[in-house]
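Heads up, protein.txt below (compact mmCIF, C-alpha atoms):
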```txt
# COMPACT_ATOMS: atom_id res chain seq x y z
CA MET A 1 35.96 31.83 46.18
CA ASN A 2 35.63 30.17 49.58
CA ARG A 3 36.60 26.58 50.24
CA PRO A 4 33.08 25.01 50.40
CA MET A 5 32.21 26.66 47.10
CA LYS A 6 35.41 25.26 45.49
CA VAL A 7 34.61 21.74 46.75
CA PHE A 8 31.03 22.03 45.50
CA THR A 9 32.21 23.26 42.08
CA LEU A 10 34.77 20.44 41.87
CA LEU A 11 32.13 17.82 42.74
CA ILE A 12 29.72 19.18 40.15
CA ALA A 13 32.50 19.19 37.51
CA LEU A 14 33.46 15.58 38.36
CA PHE A 15 29.83 14.51 38.24
CA ILE A 16 29.30 16.10 34.82
CA ALA A 17 32.60 14.66 33.48
CA ASN A 18 31.70 11.20 34.75
CA PHE A 19 28.23 11.37 33.22
CA THR A 20 29.63 12.56 29.88
CA PHE A 21 32.28 9.81 29.85
CA ALA A 22 29.66 7.14 30.65
CA GLN A 23 27.49 8.30 27.73
CA ASP A 24 30.49 8.19 25.40
CA ILE A 25 31.33 4.60 26.36
CA GLU A 26 27.70 3.58 25.91
CA GLU A 27 27.63 5.04 22.40
CA ARG A 28 30.90 3.33 21.47
CA ASP A 29 29.52 -0.04 22.65
CA ASP A 30 26.48 0.35 20.38
CA ASN A 31 28.72 1.09 17.41
CA GLN A 32 30.83 -2.00 18.03
CA ILE A 33 27.96 -4.28 17.03
CA THR A 34 28.37 -4.97 13.32
CA GLU A 35 26.93 -7.49 10.94
CA THR A 36 29.52 -9.79 9.42
CA ASN A 37 27.33 -12.20 7.41
CA LYS A 38 24.49 -11.47 5.02
CA ASN A 39 22.35 -13.72 2.83
CA LEU A 40 21.48 -12.31 -0.57
CA LEU A 41 18.20 -13.71 -1.81
CA LYS A 42 17.01 -14.04 -5.40
CA ILE A 43 13.30 -14.75 -5.82
CA ASP A 44 11.60 -15.86 -9.04
CA ILE A 45 7.81 -16.19 -8.80
CA LYS A 46 6.47 -18.25 -11.69
CA GLU A 47 3.44 -17.29 -13.72
CA PRO A 48 0.69 -18.21 -14.23
CA LEU A 49 -0.71 -18.84 -10.79
CA LEU A 50 -2.45 -22.20 -10.88
CA GLN A 51 -5.92 -22.62 -9.43
CA VAL A 52 -7.64 -25.74 -8.28
CA ALA A 53 -11.15 -25.91 -9.74
CA VAL A 54 -14.11 -26.73 -7.55
CA LYS A 55 -15.59 -30.21 -8.10
CA ASN A 56 -19.04 -30.56 -9.64
CA CYS A 57 -19.04 -27.01 -10.95
CA ASN A 58 -20.37 -26.24 -14.43
CA ASP A 59 -19.33 -22.57 -14.58
CA PHE A 60 -16.11 -22.08 -12.55
CA LYS A 61 -14.45 -18.65 -12.56
CA ALA A 62 -11.03 -18.47 -10.92
CA ALA A 63 -10.18 -16.08 -8.12
CA ALA A 64 -8.48 -12.88 -9.26
CA PHE A 65 -6.36 -10.25 -7.56
CA GLU A 66 -7.27 -6.56 -7.77
CA GLY A 67 -5.02 -5.24 -10.53
CA GLY A 68 -4.18 -8.69 -11.91
CA VAL A 69 -1.61 -11.42 -11.40
CA ALA A 70 1.33 -9.18 -12.33
CA VAL A 71 0.43 -6.71 -9.54
CA TYR A 72 0.14 -9.55 -7.01
CA LYS A 73 3.45 -11.02 -8.10
CA GLN A 74 5.19 -7.63 -7.86
CA THR A 75 3.66 -6.85 -4.45
CA LEU A 76 4.46 -10.30 -3.08
CA GLN A 77 8.06 -10.13 -4.29
CA LYS A 78 8.56 -6.66 -2.74
CA PHE A 79 7.10 -7.79 0.59
CA MET A 80 9.25 -10.92 0.54
CA TYR A 81 12.42 -8.85 0.13
CA ASP A 82 11.20 -6.51 2.90
CA TYR A 83 9.96 -9.06 5.46
CA LEU A 84 11.64 -12.44 4.94
CA ASN A 85 14.26 -12.99 7.61
CA SER A 86 16.57 -14.96 5.31
CA ASP A 87 19.55 -14.62 7.66
CA PHE A 88 18.15 -17.62 9.60
CA TYR A 89 17.81 -20.02 6.68
CA VAL A 90 19.33 -20.63 3.28
CA LEU A 91 16.84 -21.07 0.45
CA ASN A 92 17.72 -22.84 -2.74
CA GLY A 93 15.36 -24.57 -5.12
CA ASP A 94 11.70 -24.69 -5.99
CA PHE A 95 8.92 -24.16 -3.45
CA THR A 96 5.15 -24.24 -3.89
CA PHE A 97 2.71 -22.30 -1.74
CA THR A 98 -1.01 -23.05 -1.67
CA LEU A 99 -3.19 -20.08 -0.70
CA THR A 100 -6.78 -20.73 0.33
CA VAL A 101 -9.03 -17.81 -0.64
CA ASP A 102 -12.44 -17.85 1.04
CA GLU A 103 -15.82 -16.64 -0.28
CA THR A 104 -15.07 -13.05 0.83
CA GLY A 105 -11.69 -12.89 -0.95
CA LYS A 106 -9.50 -13.20 2.15
CA VAL A 107 -6.50 -15.53 2.26
CA THR A 108 -7.35 -17.86 5.14
CA ASN A 109 -4.59 -20.47 4.88
CA ILE A 110 -1.06 -20.69 3.48
CA GLU A 111 0.77 -24.01 3.11
CA GLY A 112 4.30 -24.44 1.77
CA SER A 113 6.17 -27.41 0.36
CA PRO A 114 8.55 -29.20 0.20
CA LYS A 115 9.56 -29.50 3.82
CA VAL A 116 13.33 -29.06 4.13
CA ALA A 117 15.78 -28.11 6.90
CA ASN A 118 14.55 -24.96 8.68
CA SER A 119 11.61 -24.68 6.28
CA THR A 120 9.16 -24.20 9.17
CA TYR A 121 10.78 -20.81 9.89
CA PHE A 122 10.62 -19.89 6.23
CA PHE A 123 6.99 -21.01 5.90
CA ASP A 124 6.04 -19.01 9.01
CA ASP A 125 7.74 -15.95 7.50
CA MET A 126 5.83 -16.48 4.25
CA LYS A 127 2.52 -16.62 6.12
CA TYR A 128 3.41 -13.27 7.66
CA VAL A 129 4.39 -11.85 4.25
CA VAL A 130 1.16 -12.96 2.53
CA ARG A 131 -0.97 -11.57 5.36
CA ARG A 132 0.78 -8.19 5.07
CA ILE A 133 -0.77 -7.73 1.61
CA LYS A 134 -3.92 -5.82 2.47
CA LYS A 135 -5.80 -6.05 -0.82
CA ASN A 136 -8.32 -8.84 -1.05
CA TRP A 137 -8.79 -11.28 -3.87
CA ILE A 138 -11.94 -11.37 -5.93
CA PRO A 139 -13.20 -14.80 -4.87
CA ALA A 140 -13.66 -17.68 -7.26
CA SER A 141 -17.21 -18.44 -8.25
CA CYS A 142 -19.15 -21.55 -9.12
CA ASP A 143 -22.37 -21.07 -11.04
CA GLY A 144 -22.29 -17.37 -10.07
CA LYS A 145 -21.85 -17.94 -6.31
CA PRO A 146 -18.60 -17.10 -4.48
CA VAL A 147 -16.70 -20.20 -3.34
CA THR A 148 -13.52 -21.03 -1.46
CA SER A 149 -10.66 -21.86 -3.80
CA GLN A 150 -6.96 -22.66 -3.75
CA ILE A 151 -4.22 -20.86 -5.63
CA LYS A 152 -0.81 -22.44 -6.14
CA LEU A 153 2.25 -20.20 -6.35
CA LYS A 154 5.47 -21.73 -7.63
CA MET A 155 8.72 -19.97 -6.75
CA ASN A 156 12.42 -20.52 -7.17
CA PHE A 157 14.87 -19.24 -4.58
CA SER A 158 18.63 -18.77 -4.67
CA SER A 159 20.51 -17.74 -1.54
CA ILE A 160 24.08 -16.57 -1.53
CA ALA A 161 25.82 -16.17 1.84
CA THR A 162 28.43 -13.40 1.93
CA ASP A 163 30.84 -12.06 4.50
CA LEU A 164 30.78 -8.31 4.92
```

Now that the file is in, can you turn its structure into structure tokens?
Amino acid sequence: MNRPMKVFTLLIALFIANFTFAQDIEERDDNQITETNKNLLKIDIKEPLLQVAVKNCNDFKAAAFEGGVAVYKQTLQKFMYDYLNSDFYVLNGDFTFTLTVDETGKVTNIEGSPKVANSTYFFDDMKYVVRRIKKNWIPASCDGKPVTSQIKLKMNFSSIATDL
């Protein structure tokens, strides 16, 4: 093999070795990122869901969820475990959420209480969670006509912070 060919081969080998080594370091850096803290969240959604009746209504029928309250509770709880970002706040105690269901059965507003430290982040997460549920409610009715109504959900949360 002549000298220019040896130099070319050596340069190609160094280039490939350098590229391979750089990839290896990059992969090792990604694996160095580990999670050391985790919040475990226990959620207890109370039944029955309370509804605020419409004033001056003789024949009020409450809003209903397709499949019933148990299906809504189960779906909501699953979505909360999937989508709540509880690593940013610790939840302990009772919370109440008021859902406004319009005449078409869509949830148009979600309000949470009580207001506590970092509760705005939690309430924003809950708005996201409730909107992820794609099934509509069967709207409340007054004298046979669909009306906007409010549903109150009471929940109890327990957070446990652990080191992994």

Which of A:Met80, A:Val101, A:Leu40, A:Ile45 sits closest to Ile138 of chain A [using all atoms listed in the file]: A:Val101

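Counting all atoms listed in the file and comparing A:Trp137, A:Tyr72, A:Phe95, A:Phe157, the residue that lies closest to Thr108 of chain A is A:Trp137.
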
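For the set A:Val129, A:Thr148, A:Thr9, A:Asn2, the residue with the smallest atom-to-atom gap to Thr75 of chain A is A:Val129, counting all atoms listed in the file.
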
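Atom CA of Met155 of chain A to atom CA of Ala62 of chain A spans 20.2 Å [interatomic distance, one decimal].
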
Contact residues around Ser159 of chain A with all atoms listed in the file at 6 Å, ignoring same-chain residues under 2 positions, as a PyMOL selection string: chain A and resi 40-41+90-92

Close residues, Gln51 of chain A itself excluded, 9 Å, all atoms listed in the file, min 5 positions apart in chain, as a ChimeraX atom specification: /A:62-63,149-152

Taking only residues of segment 80-126 of chain A that have an atom at most 12 Å from an atom of segment 132-135 of chain A, what is each one's shortest atom pair and its distance in Å to one decimal, using all atoms listed in the file, in chain and number order, as CSV?
```
residue,atom,partner,partner_atom,distance
A:Met80,CA,A:Arg132,CA,10.0
A:Asp82,CA,A:Arg132,CA,10.8
A:Tyr83,CA,A:Arg132,CA,9.2
A:Leu84,CA,A:Arg132,CA,11.7
A:Thr104,CA,A:Lys135,CA,11.7
A:Gly105,CA,A:Lys135,CA,9.0
A:Lys106,CA,A:Lys135,CA,8.6
A:Val107,CA,A:Ile133,CA,9.7
A:Asp125,CA,A:Arg132,CA,10.7
A:Met126,CA,A:Arg132,CA,9.7
```

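The closest residue to Lys115 of chain A, picked from A:Asp102, A:Glu66, A:Asp94, A:Asp44 and counting all atoms listed in the file, is A:Asp94.
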
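The smallest atom-to-atom distance between Pro146 of chain A and any of A:Cys57, A:Leu99, A:Val130, A:Ala117, using all atoms listed in the file, is found for A:Cys57.
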
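The space between atom CA of Val71 of chain A and atom CA of Val54 of chain A spans 24.8 Å.
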
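One finds atom CA of Lys61 of chain A at 5.4 Å from atom CA of Ala140 of chain A.
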
Spatial neighbours of Thr98 of chain A, max dist 8 Å, all atoms listed in the file, sep filter under 2 positions, as a PyMOL selection string: chain A and resi 96+100+109-112+150-153

Work out where the centre of an axis-aligned box around every listed atom of segment 86-103 of chain A lies and how long its edges are once 4 Å is added on each side; give both in Å to one decimal as JSON.
```
{"center_x": 1.9, "center_y": -19.7, "center_z": 1.8, "size_x": 43.4, "size_y": 18.1, "size_z": 23.6}
```
